[in-house]
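Below is one structure, written out as C-alpha cells, with a few remarks after it.
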Amino acid sequence: MRPEELIAALNAHNVKYVLVGGFAAILQGANYVTQDIDFCYSREPENLVRLLKALEPLHPIIRPNPQLEFNLTLLQENVNFTLETEAGEVDLLAYIDGLGDYAEVEKYADTYQIYEQDYLVLSLEGLIASKN
C-alpha cells in the first residue's frame, strides 16, 4: 500500500475527503494493522468528478465486480466502493455509521500533515463515535 500516492492524487484534484478507518486509528496512536485505506468522500456532483479524475491514473478496479467500469454513472448511482488500485486497496465510503455523511464526518476531522501534504483525518472522538 502506498497511501502517500493516494493522498497526493486526491489532493492534486481537490477532492473533499476524510481519512477514516484503520489508517486513521493508526495516526491516533492505535496499534493496528490494515491492508487498505478508507476515505469518506463528499457526494457533491463536482467532487464525484474530481474523485474519478484523481483515481483514474491509478487504474481502479472494483474488487467484488472487476468487470464493472469505475465511472461517473457508477459513482452517482452507488455510495460505497472497495477498489484495488495501483497504489493499494481503497474503500470509498459515503456514510460512516455513528456519524453520518461527509459533512458530518468532516466535523470530527483534524488536519494532519504527513507525506508533506495536509489532509483531514477522523479524530479519536470521531473514531469512537463511529464504533458506537
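Going by the C-alpha cells order, chains are called A, B, ..., each with residues numbered from 1, while ligands are numbered from 1 in the order shown.
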
How close does each residue of range 63-103 of chain A get to range 48-51 of chain A, giving the shortest atom pair and distance in Å to one decimal for every residue with an atom at most 8 Å away, counting only C-alpha atoms, sorted by chain and residue number, as JSON lines?
```
{"residue": "A:Leu72", "atom": "CA", "partner": "A:Val49", "partner_atom": "CA", "distance": 6.8}
{"residue": "A:Leu75", "atom": "CA", "partner": "A:Leu48", "partner_atom": "CA", "distance": 6.8}
{"residue": "A:Gln76", "atom": "CA", "partner": "A:Leu48", "partner_atom": "CA", "distance": 7.5}
```

Could the residues in this selection be written to a file with C-alpha atoms, as a PDB file, in the first residue's frame?
```pdb
ATOM      1  CA  LEU A  72     -19.177   8.697 -13.170  1.00  0.00           C
ATOM      2  CA  LEU A  75     -20.289   6.824  -8.704  1.00  0.00           C
ATOM      3  CA  GLN A  76     -23.583   8.669  -8.996  1.00  0.00           C
TER       4      GLN A  76
END
```

Practice problem: Extract, using only C-alpha atoms, all DNA, RNA and protein residues at most 7 Å from Ala54 in chain A, discarding same-chain residues fewer than 5 positions from it, and format them as a VMD selection string. | Solution: chain A and resid 9 to 10 13

Quiz item: Quick one: DSSP strand (DSSP E) residues in range 79-130 of chain A, as a ChimeraX atom specification?
Solution: /A:81-85,88-93,95-96,100-101,109-114,117-122

Quiz item: With distances taken over only C-alpha atoms, which of A:Ser123, A:Pro57, A:Lys131, A:Glu69 is nearest to Glu5 in chain A?
Solution: A:Pro57

Could you build a table of the residues in range 51-129 of chain A lying no more than 12 Å from range 36-39 of chain A, giving for each the nearest pair of atoms and their separation in Å rounded to one decimal place, using only C-alpha atoms, ordered by chain and ascending residue number, as JSON lines?
```
{"residue": "A:Leu51", "atom": "CA", "partner": "A:Phe39", "partner_atom": "CA", "distance": 11.1}
{"residue": "A:Val79", "atom": "CA", "partner": "A:Phe39", "partner_atom": "CA", "distance": 11.9}
{"residue": "A:Asn80", "atom": "CA", "partner": "A:Phe39", "partner_atom": "CA", "distance": 10.0}
{"residue": "A:Phe81", "atom": "CA", "partner": "A:Asp38", "partner_atom": "CA", "distance": 9.9}
{"residue": "A:Thr82", "atom": "CA", "partner": "A:Asp38", "partner_atom": "CA", "distance": 9.1}
{"residue": "A:Leu83", "atom": "CA", "partner": "A:Asp36", "partner_atom": "CA", "distance": 9.3}
{"residue": "A:Glu84", "atom": "CA", "partner": "A:Asp36", "partner_atom": "CA", "distance": 9.1}
{"residue": "A:Thr85", "atom": "CA", "partner": "A:Asp36", "partner_atom": "CA", "distance": 10.4}
{"residue": "A:Ala87", "atom": "CA", "partner": "A:Asp36", "partner_atom": "CA", "distance": 9.9}
{"residue": "A:Gly88", "atom": "CA", "partner": "A:Asp36", "partner_atom": "CA", "distance": 6.7}
{"residue": "A:Glu89", "atom": "CA", "partner": "A:Asp36", "partner_atom": "CA", "distance": 4.7}
{"residue": "A:Val90", "atom": "CA", "partner": "A:Ile37", "partner_atom": "CA", "distance": 5.0}
{"residue": "A:Asp91", "atom": "CA", "partner": "A:Asp38", "partner_atom": "CA", "distance": 4.6}
{"residue": "A:Leu92", "atom": "CA", "partner": "A:Phe39", "partner_atom": "CA", "distance": 5.1}
{"residue": "A:Leu93", "atom": "CA", "partner": "A:Phe39", "partner_atom": "CA", "distance": 6.0}
{"residue": "A:Ala94", "atom": "CA", "partner": "A:Phe39", "partner_atom": "CA", "distance": 8.4}
{"residue": "A:Tyr95", "atom": "CA", "partner": "A:Phe39", "partner_atom": "CA", "distance": 9.9}
{"residue": "A:Ile96", "atom": "CA", "partner": "A:Phe39", "partner_atom": "CA", "distance": 9.8}
{"residue": "A:Asp101", "atom": "CA", "partner": "A:Phe39", "partner_atom": "CA", "distance": 11.5}
{"residue": "A:Tyr102", "atom": "CA", "partner": "A:Phe39", "partner_atom": "CA", "distance": 9.6}
{"residue": "A:Val105", "atom": "CA", "partner": "A:Phe39", "partner_atom": "CA", "distance": 10.5}
{"residue": "A:Glu106", "atom": "CA", "partner": "A:Phe39", "partner_atom": "CA", "distance": 11.2}
{"residue": "A:Ala109", "atom": "CA", "partner": "A:Phe39", "partner_atom": "CA", "distance": 11.9}
{"residue": "A:Tyr119", "atom": "CA", "partner": "A:Phe39", "partner_atom": "CA", "distance": 11.1}
{"residue": "A:Leu120", "atom": "CA", "partner": "A:Phe39", "partner_atom": "CA", "distance": 9.8}
{"residue": "A:Val121", "atom": "CA", "partner": "A:Phe39", "partner_atom": "CA", "distance": 9.1}
{"residue": "A:Leu122", "atom": "CA", "partner": "A:Phe39", "partner_atom": "CA", "distance": 9.6}
```

With N, CA, C and O atoms retained, could you export that selection as a compact mmCIF listing (two decimals), in the first residue's frame?
```txt
# COMPACT_ATOMS: atom_id res chain seq x y z
N LEU A 51 -13.03 13.18 -7.88
CA LEU A 51 -12.62 11.88 -7.35
C LEU A 51 -12.29 10.91 -8.48
O LEU A 51 -11.26 10.23 -8.45
N VAL A 79 -22.86 4.27 -3.50
CA VAL A 79 -22.23 5.11 -2.49
C VAL A 79 -20.94 4.55 -1.91
O VAL A 79 -20.05 5.31 -1.55
N ASN A 80 -20.82 3.25 -1.78
CA ASN A 80 -19.63 2.65 -1.17
C ASN A 80 -18.93 1.75 -2.18
O ASN A 80 -19.58 1.00 -2.91
N PHE A 81 -17.60 1.82 -2.17
CA PHE A 81 -16.81 1.07 -3.12
C PHE A 81 -15.59 0.46 -2.44
O PHE A 81 -14.97 1.11 -1.60
N THR A 82 -15.26 -0.75 -2.82
CA THR A 82 -13.99 -1.35 -2.44
C THR A 82 -13.20 -1.52 -3.73
O THR A 82 -13.62 -2.23 -4.64
N LEU A 83 -12.09 -0.81 -3.79
CA LEU A 83 -11.30 -0.75 -5.01
C LEU A 83 -9.91 -1.32 -4.81
O LEU A 83 -9.32 -1.22 -3.73
N GLU A 84 -9.37 -1.85 -5.88
CA GLU A 84 -7.96 -2.19 -5.97
C GLU A 84 -7.36 -1.17 -6.93
O GLU A 84 -7.88 -0.97 -8.03
N THR A 85 -6.30 -0.48 -6.50
CA THR A 85 -5.63 0.49 -7.37
C THR A 85 -4.15 0.14 -7.43
O THR A 85 -3.67 -0.69 -6.66
N ALA A 87 -1.94 1.86 -6.30
CA ALA A 87 -1.33 2.33 -5.05
C ALA A 87 -1.82 1.53 -3.85
O ALA A 87 -1.43 1.82 -2.73
N GLY A 88 -2.70 0.55 -4.07
CA GLY A 88 -3.19 -0.28 -2.98
C GLY A 88 -4.71 -0.34 -2.93
O GLY A 88 -5.40 0.22 -3.79
N GLU A 89 -5.20 -1.03 -1.92
CA GLU A 89 -6.64 -1.21 -1.75
C GLU A 89 -7.25 0.03 -1.09
O GLU A 89 -6.68 0.58 -0.14
N VAL A 90 -8.41 0.43 -1.60
CA VAL A 90 -9.08 1.64 -1.14
C VAL A 90 -10.55 1.32 -0.89
O VAL A 90 -11.19 0.66 -1.71
N ASP A 91 -11.07 1.80 0.23
CA ASP A 91 -12.50 1.77 0.48
C ASP A 91 -13.01 3.20 0.43
O ASP A 91 -12.51 4.07 1.14
N LEU A 92 -13.99 3.44 -0.42
CA LEU A 92 -14.63 4.75 -0.52
C LEU A 92 -16.00 4.65 0.14
O LEU A 92 -16.82 3.82 -0.26
N LEU A 93 -16.22 5.47 1.14
CA LEU A 93 -17.44 5.41 1.93
C LEU A 93 -18.14 6.76 1.91
O LEU A 93 -17.52 7.79 2.20
N ALA A 94 -19.42 6.76 1.61
CA ALA A 94 -20.19 8.00 1.60
C ALA A 94 -20.81 8.28 2.96
O ALA A 94 -21.23 9.40 3.23
N TYR A 95 -20.85 7.27 3.83
CA TYR A 95 -21.53 7.37 5.11
C TYR A 95 -20.75 6.56 6.13
O TYR A 95 -20.30 5.45 5.84
N ILE A 96 -20.58 7.11 7.33
CA ILE A 96 -19.90 6.42 8.41
C ILE A 96 -20.90 6.18 9.54
O ILE A 96 -21.50 7.14 10.05
N ASP A 101 -22.95 11.38 6.93
CA ASP A 101 -22.31 11.57 5.64
C ASP A 101 -21.05 12.44 5.78
O ASP A 101 -20.65 12.82 6.88
N TYR A 102 -20.45 12.77 4.65
CA TYR A 102 -19.20 13.52 4.66
C TYR A 102 -19.28 14.79 5.49
O TYR A 102 -18.37 15.09 6.27
N VAL A 105 -19.01 13.84 9.08
CA VAL A 105 -17.69 13.26 9.37
C VAL A 105 -16.63 14.36 9.42
O VAL A 105 -15.76 14.36 10.29
N GLU A 106 -16.75 15.32 8.52
CA GLU A 106 -15.79 16.43 8.47
C GLU A 106 -15.75 17.20 9.78
O GLU A 106 -14.70 17.70 10.19
N ALA A 109 -13.14 15.81 12.08
CA ALA A 109 -11.82 15.62 11.47
C ALA A 109 -10.81 16.65 11.95
O ALA A 109 -11.16 17.80 12.24
N TYR A 119 -4.09 16.89 5.07
CA TYR A 119 -5.32 16.17 4.81
C TYR A 119 -6.10 16.00 6.09
O TYR A 119 -5.57 16.13 7.18
N LEU A 120 -7.39 15.72 5.94
CA LEU A 120 -8.27 15.56 7.08
C LEU A 120 -8.30 14.10 7.52
O LEU A 120 -8.41 13.20 6.70
N VAL A 121 -8.21 13.91 8.84
CA VAL A 121 -8.23 12.58 9.44
C VAL A 121 -9.29 12.57 10.52
O VAL A 121 -9.39 13.50 11.33
N LEU A 122 -10.08 11.51 10.56
CA LEU A 122 -11.10 11.37 11.58
C LEU A 122 -10.43 11.36 12.95
O LEU A 122 -9.49 10.61 13.19
```

Exercise. For CA of Leu124 in chain A and CA of Gln28 in chain A, determine how far apart the two atoms are, in Å to one decimal place.
Key: 6.3 Å
